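As stored in my_file32.cif (mmCIF, C-alpha atoms):
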data_entry
loop_
_atom_site.group_PDB
_atom_site.id
_atom_site.type_symbol
_atom_site.label_atom_id
_atom_site.label_comp_id
_atom_site.auth_asym_id
_atom_site.auth_seq_id
_atom_site.Cartn_x
_atom_site.Cartn_y
_atom_site.Cartn_z
ATOM 1 C CA MET A 1 -26.724 -48.847 12.291
ATOM 2 C CA ILE A 2 -24.344 -50.142 14.937
ATOM 3 C CA LYS A 3 -25.480 -49.315 18.467
ATOM 4 C CA ASN A 4 -23.708 -51.986 20.526
ATOM 5 C CA ILE A 5 -20.092 -53.125 20.789
ATOM 6 C CA VAL A 6 -19.709 -56.742 21.932
ATOM 7 C CA PHE A 7 -16.300 -57.799 23.213
ATOM 8 C CA ASP A 8 -14.652 -61.129 23.705
ATOM 9 C CA ILE A 9 -12.520 -60.992 26.868
ATOM 10 C CA GLY A 10 -9.427 -63.184 26.536
ATOM 11 C CA ASN A 11 -6.726 -61.528 24.407
ATOM 12 C CA VAL A 12 -9.070 -58.621 23.712
ATOM 13 C CA CYS A 13 -9.879 -56.995 27.065
ATOM 14 C CA VAL A 14 -7.257 -58.959 29.003
ATOM 15 C CA ASP A 15 -4.044 -60.785 28.194
ATOM 16 C CA PHE A 16 -4.397 -64.534 28.690
ATOM 17 C CA CYS A 17 -0.794 -64.874 29.861
ATOM 18 C CA TYR A 18 -0.836 -68.522 30.903
ATOM 19 C CA LYS A 19 2.687 -69.267 29.658
ATOM 20 C CA GLU A 20 4.146 -66.460 31.746
ATOM 21 C CA PHE A 21 2.001 -67.519 34.705
ATOM 22 C CA PHE A 22 3.137 -71.154 34.604
ATOM 23 C CA ALA A 23 6.782 -70.165 34.037
ATOM 24 C CA GLY A 24 6.602 -68.069 37.197
ATOM 25 C CA PHE A 25 6.525 -71.195 39.361
ATOM 26 C CA GLY A 26 10.184 -71.857 38.589
ATOM 27 C CA PHE A 27 9.758 -75.222 36.873
ATOM 28 C CA SER A 28 12.044 -76.248 34.037
ATOM 29 C CA GLU A 29 11.147 -75.091 30.536
ATOM 30 C CA GLU A 30 10.219 -78.681 29.635
ATOM 31 C CA VAL A 31 7.842 -79.029 32.583
ATOM 32 C CA THR A 32 6.293 -75.631 31.894
ATOM 33 C CA GLU A 33 5.615 -76.643 28.291
ATOM 34 C CA ARG A 34 4.030 -79.900 29.485
ATOM 35 C CA ILE A 35 1.786 -77.961 31.884
ATOM 36 C CA CYS A 36 0.682 -75.729 29.003
ATOM 37 C CA ARG A 37 -0.097 -78.716 26.783
ATOM 38 C CA ALA A 38 -2.070 -80.461 29.519
ATOM 39 C CA THR A 39 -4.156 -77.411 30.417
ATOM 40 C CA ALA A 40 -4.613 -74.155 28.507
ATOM 41 C CA GLU A 41 -3.475 -75.609 25.174
ATOM 42 C CA ASN A 42 -5.628 -78.717 25.552
ATOM 43 C CA GLU A 43 -9.170 -79.087 24.234
ATOM 44 C CA LEU A 44 -10.143 -80.114 27.773
ATOM 45 C CA TRP A 45 -9.933 -76.414 28.689
ATOM 46 C CA ASP A 46 -13.242 -76.018 26.835
ATOM 47 C CA LEU A 47 -14.918 -78.198 29.458
ATOM 48 C CA GLY A 48 -14.146 -75.518 32.032
ATOM 49 C CA ASP A 49 -15.442 -72.818 29.700
ATOM 50 C CA ILE A 50 -18.710 -74.660 29.219
ATOM 51 C CA GLY A 51 -19.027 -75.629 32.894
ATOM 52 C CA ARG A 52 -19.753 -79.290 32.190
ATOM 53 C CA VAL A 53 -17.400 -80.616 34.868
ATOM 54 C CA SER A 54 -16.494 -79.431 38.343
ATOM 55 C CA GLU A 55 -13.173 -77.708 38.923
ATOM 56 C CA ASP A 56 -11.867 -80.783 40.767
ATOM 57 C CA GLU A 57 -12.966 -83.042 37.929
ATOM 58 C CA LEU A 58 -11.226 -80.801 35.435
ATOM 59 C CA LEU A 59 -7.988 -80.979 37.411
ATOM 60 C CA GLY A 60 -8.261 -84.765 37.321
ATOM 61 C CA LEU A 61 -8.625 -84.666 33.550
ATOM 62 C CA PHE A 62 -5.593 -82.411 33.222
ATOM 63 C CA ILE A 63 -3.540 -84.812 35.366
ATOM 64 C CA ALA A 64 -4.688 -87.739 33.243
ATOM 65 C CA GLN A 65 -3.143 -85.993 30.216
ATOM 66 C CA ASP A 66 0.318 -86.133 31.822
ATOM 67 C CA PRO A 67 0.433 -88.041 35.137
ATOM 68 C CA GLY A 68 4.187 -87.532 35.360
ATOM 69 C CA ILE A 69 3.678 -83.880 36.323
ATOM 70 C CA GLU A 70 0.769 -84.371 38.724
ATOM 71 C CA ARG A 71 2.519 -82.515 41.548
ATOM 72 C CA GLU A 72 3.270 -79.531 39.325
ATOM 73 C CA LEU A 73 -0.250 -79.469 37.889
ATOM 74 C CA ARG A 74 -1.755 -79.476 41.362
ATOM 75 C CA LYS A 75 0.549 -76.626 42.357
ATOM 76 C CA VAL A 76 -0.366 -74.311 39.476
ATOM 77 C CA TYR A 77 -4.052 -75.198 39.839
ATOM 78 C CA GLU A 78 -4.217 -74.091 43.478
ATOM 79 C CA ASN A 79 -4.934 -70.520 42.451
ATOM 80 C CA PHE A 80 -5.087 -69.024 38.957
ATOM 81 C CA SER A 81 -4.643 -65.444 40.152
ATOM 82 C CA GLY A 82 -2.221 -63.945 37.633
ATOM 83 C CA ILE A 83 -3.173 -66.077 34.638
ATOM 84 C CA ILE A 84 -4.884 -63.067 33.049
ATOM 85 C CA ARG A 85 -3.938 -59.392 33.094
ATOM 86 C CA GLU A 86 -6.351 -56.553 32.378
ATOM 87 C CA ARG A 87 -5.123 -54.351 29.535
ATOM 88 C CA ALA A 88 -4.539 -50.700 30.378
ATOM 89 C CA GLU A 89 -6.585 -49.501 27.414
ATOM 90 C CA THR A 90 -9.707 -51.552 28.180
ATOM 91 C CA ILE A 91 -11.583 -49.304 30.603
ATOM 92 C CA PRO A 92 -10.737 -46.055 28.762
ATOM 93 C CA TRP A 93 -11.888 -47.723 25.529
ATOM 94 C CA ILE A 94 -15.222 -48.696 27.081
ATOM 95 C CA GLU A 95 -15.687 -45.224 28.542
ATOM 96 C CA GLU A 96 -14.895 -43.623 25.184
ATOM 97 C CA LEU A 97 -17.480 -45.793 23.436
ATOM 98 C CA HIS A 98 -20.101 -44.925 26.046
ATOM 99 C CA ALA A 99 -19.324 -41.234 25.560
ATOM 100 C CA LYS A 100 -19.975 -41.678 21.847
ATOM 101 C CA GLY A 101 -23.383 -43.225 22.593
ATOM 102 C CA TYR A 102 -22.617 -46.931 22.187
ATOM 103 C CA LYS A 103 -23.526 -49.643 24.648
ATOM 104 C CA THR A 104 -20.854 -52.214 25.465
ATOM 105 C CA TYR A 105 -21.236 -55.904 26.255
ATOM 106 C CA TYR A 106 -19.072 -59.001 26.684
ATOM 107 C CA LEU A 107 -19.566 -62.462 25.184
ATOM 108 C CA SER A 108 -16.760 -64.752 26.227
ATOM 109 C CA ASN A 109 -15.765 -68.359 26.751
ATOM 110 C CA TYR A 110 -14.679 -68.344 30.377
ATOM 111 C CA PRO A 111 -14.148 -70.881 33.174
ATOM 112 C CA SER A 112 -15.526 -70.260 36.651
ATOM 113 C CA LYS A 113 -12.107 -70.683 38.293
ATOM 114 C CA VAL A 114 -10.505 -67.867 36.294
ATOM 115 C CA ALA A 115 -13.525 -65.585 36.715
ATOM 116 C CA ARG A 116 -13.468 -66.070 40.485
ATOM 117 C CA GLU A 117 -9.741 -66.042 41.199
ATOM 118 C CA CYS A 118 -8.894 -63.260 38.737
ATOM 119 C CA ALA A 119 -11.747 -60.901 39.590
ATOM 120 C CA ASP A 120 -9.218 -58.153 40.367
ATOM 121 C CA GLN A 121 -8.183 -58.213 36.689
ATOM 122 C CA MET A 122 -11.752 -58.007 35.415
ATOM 123 C CA LYS A 123 -12.782 -54.649 36.856
ATOM 124 C CA PHE A 124 -13.834 -53.539 33.377
ATOM 125 C CA LEU A 125 -16.929 -55.750 33.580
ATOM 126 C CA LYS A 126 -18.713 -53.292 35.865
ATOM 127 C CA TYR A 127 -18.243 -50.563 33.237
ATOM 128 C CA MET A 128 -20.132 -52.598 30.627
ATOM 129 C CA ASP A 129 -23.863 -52.801 30.049
ATOM 130 C CA GLY A 130 -23.981 -56.585 30.483
ATOM 131 C CA GLY A 131 -22.847 -59.793 28.876
ATOM 132 C CA ILE A 132 -22.388 -63.533 29.087
ATOM 133 C CA LEU A 133 -19.612 -65.691 30.553
ATOM 134 C CA SER A 134 -19.950 -69.124 29.013
ATOM 135 C CA TYR A 135 -19.603 -71.244 32.161
ATOM 136 C CA LYS A 136 -22.756 -69.672 33.603
ATOM 137 C CA ILE A 137 -25.004 -70.887 30.786
ATOM 138 C CA GLY A 138 -23.379 -74.123 29.586
ATOM 139 C CA MET A 139 -22.676 -72.851 26.056
ATOM 140 C CA ILE A 140 -19.495 -71.774 24.310
ATOM 141 C CA LYS A 141 -18.569 -69.960 21.128
ATOM 142 C CA PRO A 142 -18.688 -70.742 18.261
ATOM 143 C CA ASP A 143 -22.003 -72.526 18.936
ATOM 144 C CA ALA A 144 -24.787 -70.490 17.357
ATOM 145 C CA ASP A 145 -26.955 -70.819 20.468
ATOM 146 C CA ILE A 146 -24.706 -68.630 22.622
ATOM 147 C CA TYR A 147 -24.953 -65.728 20.166
ATOM 148 C CA ARG A 148 -28.715 -66.155 19.974
ATOM 149 C CA LYS A 149 -29.064 -66.312 23.748
ATOM 150 C CA PHE A 150 -26.997 -63.161 24.121
ATOM 151 C CA LEU A 151 -29.240 -61.284 21.698
ATOM 152 C CA SER A 152 -32.365 -62.617 23.390
ATOM 153 C CA ASP A 153 -31.181 -61.861 26.935
ATOM 154 C CA TYR A 154 -30.487 -58.218 26.093
ATOM 155 C CA ASN A 155 -33.217 -57.754 23.482
ATOM 156 C CA LEU A 156 -30.702 -56.756 20.835
ATOM 157 C CA LYS A 157 -30.668 -57.049 17.046
ATOM 158 C CA SER A 158 -27.580 -58.662 15.563
ATOM 159 C CA GLU A 159 -27.389 -56.090 12.760
ATOM 160 C CA GLU A 160 -26.988 -53.391 15.418
ATOM 161 C CA CYS A 161 -24.042 -55.179 17.077
ATOM 162 C CA LEU A 162 -20.329 -55.068 16.301
ATOM 163 C CA PHE A 163 -18.569 -58.180 17.629
ATOM 164 C CA ILE A 164 -14.826 -58.176 18.404
ATOM 165 C CA ASP A 165 -13.004 -61.479 19.014
ATOM 166 C CA ASP A 166 -9.451 -62.685 18.451
ATOM 167 C CA ARG A 167 -10.446 -66.116 17.105
ATOM 168 C CA ALA A 168 -11.483 -66.430 13.469
ATOM 169 C CA VAL A 169 -13.885 -69.304 14.146
ATOM 170 C CA ASN A 170 -15.835 -67.193 16.640
ATOM 171 C CA CYS A 171 -15.924 -64.248 14.250
ATOM 172 C CA GLU A 172 -17.196 -66.453 11.436
ATOM 173 C CA ALA A 173 -19.976 -67.773 13.660
ATOM 174 C CA ALA A 174 -20.981 -64.219 14.596
ATOM 175 C CA VAL A 175 -21.153 -63.242 10.919
ATOM 176 C CA ARG A 176 -23.535 -66.139 10.304
ATOM 177 C CA GLU A 177 -25.778 -64.746 13.040
ATOM 178 C CA GLY A 178 -25.825 -61.308 11.411
ATOM 179 C CA PHE A 179 -23.280 -59.421 13.518
ATOM 180 C CA ALA A 180 -20.825 -56.949 12.081
ATOM 181 C CA VAL A 181 -17.386 -58.296 13.005
ATOM 182 C CA ILE A 182 -13.802 -57.187 13.484
ATOM 183 C CA GLN A 183 -11.240 -59.887 14.312
ATOM 184 C CA PHE A 184 -8.926 -58.561 17.008
ATOM 185 C CA THR A 185 -5.268 -58.235 16.088
ATOM 186 C CA THR A 186 -3.922 -55.199 17.910
ATOM 187 C CA TYR A 187 -5.724 -52.464 19.807
ATOM 188 C CA GLU A 188 -4.494 -49.807 17.391
ATOM 189 C CA GLU A 189 -5.568 -51.717 14.280
ATOM 190 C CA VAL A 190 -9.006 -52.542 15.665
ATOM 191 C CA ARG A 191 -9.550 -48.930 16.733
ATOM 192 C CA GLY A 192 -8.715 -47.802 13.212
ATOM 193 C CA LYS A 193 -11.155 -50.271 11.676
ATOM 194 C CA MET A 194 -13.860 -49.237 14.147
ATOM 195 C CA GLU A 195 -13.378 -45.560 13.300
ATOM 196 C CA GLU A 196 -13.807 -46.350 9.611
ATOM 197 C CA MET A 197 -16.780 -48.644 10.131
ATOM 198 C CA LEU A 198 -18.588 -46.441 12.636
ATOM 199 C CA CYS A 199 -17.550 -43.128 11.047
ATOM 200 C CA TYR A 200 -16.135 -41.435 14.120
ATOM 201 C CA ARG A 201 -12.798 -39.998 15.213
#
In structure tokens, how does this file's structure come out?
Amino acid sequence: MIKNIVFDIGNVCVDFCYKEFFAGFGFSEEVTERICRATAENELWDLGDIGRVSEDELLGLFIAQDPGIERELRKVYENFSGIIRERAETIPWIEELHAKGYKTYYLSNYPSKVARECADQMKFLKYMDGGILSYKIGMIKPDADIYRKFLSDYNLKSEECLFIDDRAVNCEAAVREGFAVIQFTTYEEVRGKMEEMLCYR
């Protein structure tokens, strides 16, 4: 029986609106696209999620991807406030689940810089029963160890957890660890699937 709902954060509880954020600096469309490719769309972003390099070191690695836009990269990197936006339905959703008797948790790949500078868009965290941000423990999804650590830290059984994530690879990894899973598409669709799976209205 499902007792716990485990949420990813990016593009589930918040919008990861990096394209809009970078475009807001007024650079040309070409430069904005290059910033995206050098940062949020680059596999180097995972190094921030896992916390293996300092924030300054990560900036240096981003610049090395495209030295021709060093000035612009330094500008956008000064403060990431605005790169995520909390979804209006997130807190009511959590409160509704609590009212139905479920506990709620988060399990998310997340860099320290975004967590710190976007704290005002992560108010929902205090409504949850706990969770893991990847940079704090040096592990990222879809590594099996992060799912196992989450279960161990909160003394939970995977078969009693429903995991919601927008990325198929993370969902597949959760299935292998015994979680029930719904891949996030839209809020309305996921709610419908949850109502069917958990037998509530």
Return as an MDAnalysis selection string the set of residues that the PyMOL selection byres ((chain A and resi 186) around 12) yields on the displayed structure.
chainID A and resid 11:13 15 87 89 164:166 182:185 187:193
How many Å separate atom CA of Asn109 of chain A from atom CA of Lys157 of chain A?
21.1 Å
One residue among A:Gln65, A:Asn170, A:Gln121, A:Ser134 is nearest to Ile83 of chain A when using only C-alpha atoms, and that residue is A:Gln121
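Of note, atom CA of Tyr18 of chain A and atom CA of Tyr105 of chain A are spaced 24.4 Å apart.
We find atom CA of Gly178 of chain A and atom CA of Met139 of chain A to be spaced 18.9 Å apart.
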Quick one: which residues end up in the PyMOL selection byres ((chain A and resi 198) around 12) for this structure, as JSON, numbers by chain?
{"A": [1, 2, 3, 4, 5, 97, 100, 101, 102, 160, 161, 162, 180, 181, 182, 190, 191, 192, 193, 194, 195, 196, 197, 199, 200, 201]}
Go ahead and write the residues just picked, C-alpha atoms, as a PDB file, in the coordinates of the input.
ATOM      1  CA  MET A   1     -26.724 -48.847  12.291  1.00  0.00           C
ATOM      2  CA  ILE A   2     -24.344 -50.142  14.937  1.00  0.00           C
ATOM      3  CA  LYS A   3     -25.480 -49.315  18.467  1.00  0.00           C
ATOM      4  CA  ASN A   4     -23.708 -51.986  20.526  1.00  0.00           C
ATOM      5  CA  ILE A   5     -20.092 -53.125  20.789  1.00  0.00           C
ATOM      6  CA  LEU A  97     -17.480 -45.793  23.436  1.00  0.00           C
ATOM      7  CA  LYS A 100     -19.975 -41.678  21.847  1.00  0.00           C
ATOM      8  CA  GLY A 101     -23.383 -43.225  22.593  1.00  0.00           C
ATOM      9  CA  TYR A 102     -22.617 -46.931  22.187  1.00  0.00           C
ATOM     10  CA  GLU A 160     -26.988 -53.391  15.418  1.00  0.00           C
ATOM     11  CA  CYS A 161     -24.042 -55.179  17.077  1.00  0.00           C
ATOM     12  CA  LEU A 162     -20.329 -55.068  16.301  1.00  0.00           C
ATOM     13  CA  ALA A 180     -20.825 -56.949  12.081  1.00  0.00           C
ATOM     14  CA  VAL A 181     -17.386 -58.296  13.005  1.00  0.00           C
ATOM     15  CA  ILE A 182     -13.802 -57.187  13.484  1.00  0.00           C
ATOM     16  CA  VAL A 190      -9.006 -52.542  15.665  1.00  0.00           C
ATOM     17  CA  ARG A 191      -9.550 -48.930  16.733  1.00  0.00           C
ATOM     18  CA  GLY A 192      -8.715 -47.802  13.212  1.00  0.00           C
ATOM     19  CA  LYS A 193     -11.155 -50.271  11.676  1.00  0.00           C
ATOM     20  CA  MET A 194     -13.860 -49.237  14.147  1.00  0.00           C
ATOM     21  CA  GLU A 195     -13.378 -45.560  13.300  1.00  0.00           C
ATOM     22  CA  GLU A 196     -13.807 -46.350   9.611  1.00  0.00           C
ATOM     23  CA  MET A 197     -16.780 -48.644  10.131  1.00  0.00           C
ATOM     24  CA  CYS A 199     -17.550 -43.128  11.047  1.00  0.00           C
ATOM     25  CA  TYR A 200     -16.135 -41.435  14.120  1.00  0.00           C
ATOM     26  CA  ARG A 201     -12.798 -39.998  15.213  1.00  0.00           C
TER      27      ARG A 201
END
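Distances here use all atoms listed in the file; by that measure, the residue among A:Tyr127, A:Val76, A:Leu44, A:Tyr110 closest to Glu96 of chain A is A:Tyr127.
Within 10 Å of Gly51 of chain A, once all atoms listed in the file are used and residues closer than 6 positions along the same chain are dropped, the contacting residues are Leu58, Tyr110, Pro111, Ser112, Ser134, Tyr135, Lys136, Ile137, Gly138, Met139 and Ile140 of chain A.
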Starting from the point (-7.5, -53.3, 32.3), work out which residues of protein, DNA or RNA have an atom no more than 9 Å away when counting all atoms listed in the file; state them as number ranges by chain.
A: 13-14, 85-92, 121-124
May I have the protein, DNA and RNA residues with an atom at most 9 Å from (1.5, -71.2, 36.8), counting all atoms listed in the file in the file's coordinates, returned as an MDAnalysis selection string?
chainID A and resid 18:26 32 35 72:73 75:77 79:80 82:83
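Shell of Ala144 of chain A at 8 Å, with all atoms listed in the file counted and residues fewer than 6 places along the chain excluded, is Ala173, Ala174 and Glu177 of chain A.
Of the listed residues A:Val169, A:Ile69, A:Ala99, A:Val114, the one whose atoms come nearest to Phe16 of chain A is A:Val114, with distances taken using all atoms listed in the file.
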If I wrap all listed atoms of segment 99-103 of chain A in a box with edges along x, y and z and add 5 Å on each side, what are its centre and edge lengths in Å to one decimal, as AutoDock Vina command-line options?
--center_x -21.4 --center_y -45.4 --center_z 23.7 --size_x 14.2 --size_y 18.4 --size_z 13.7
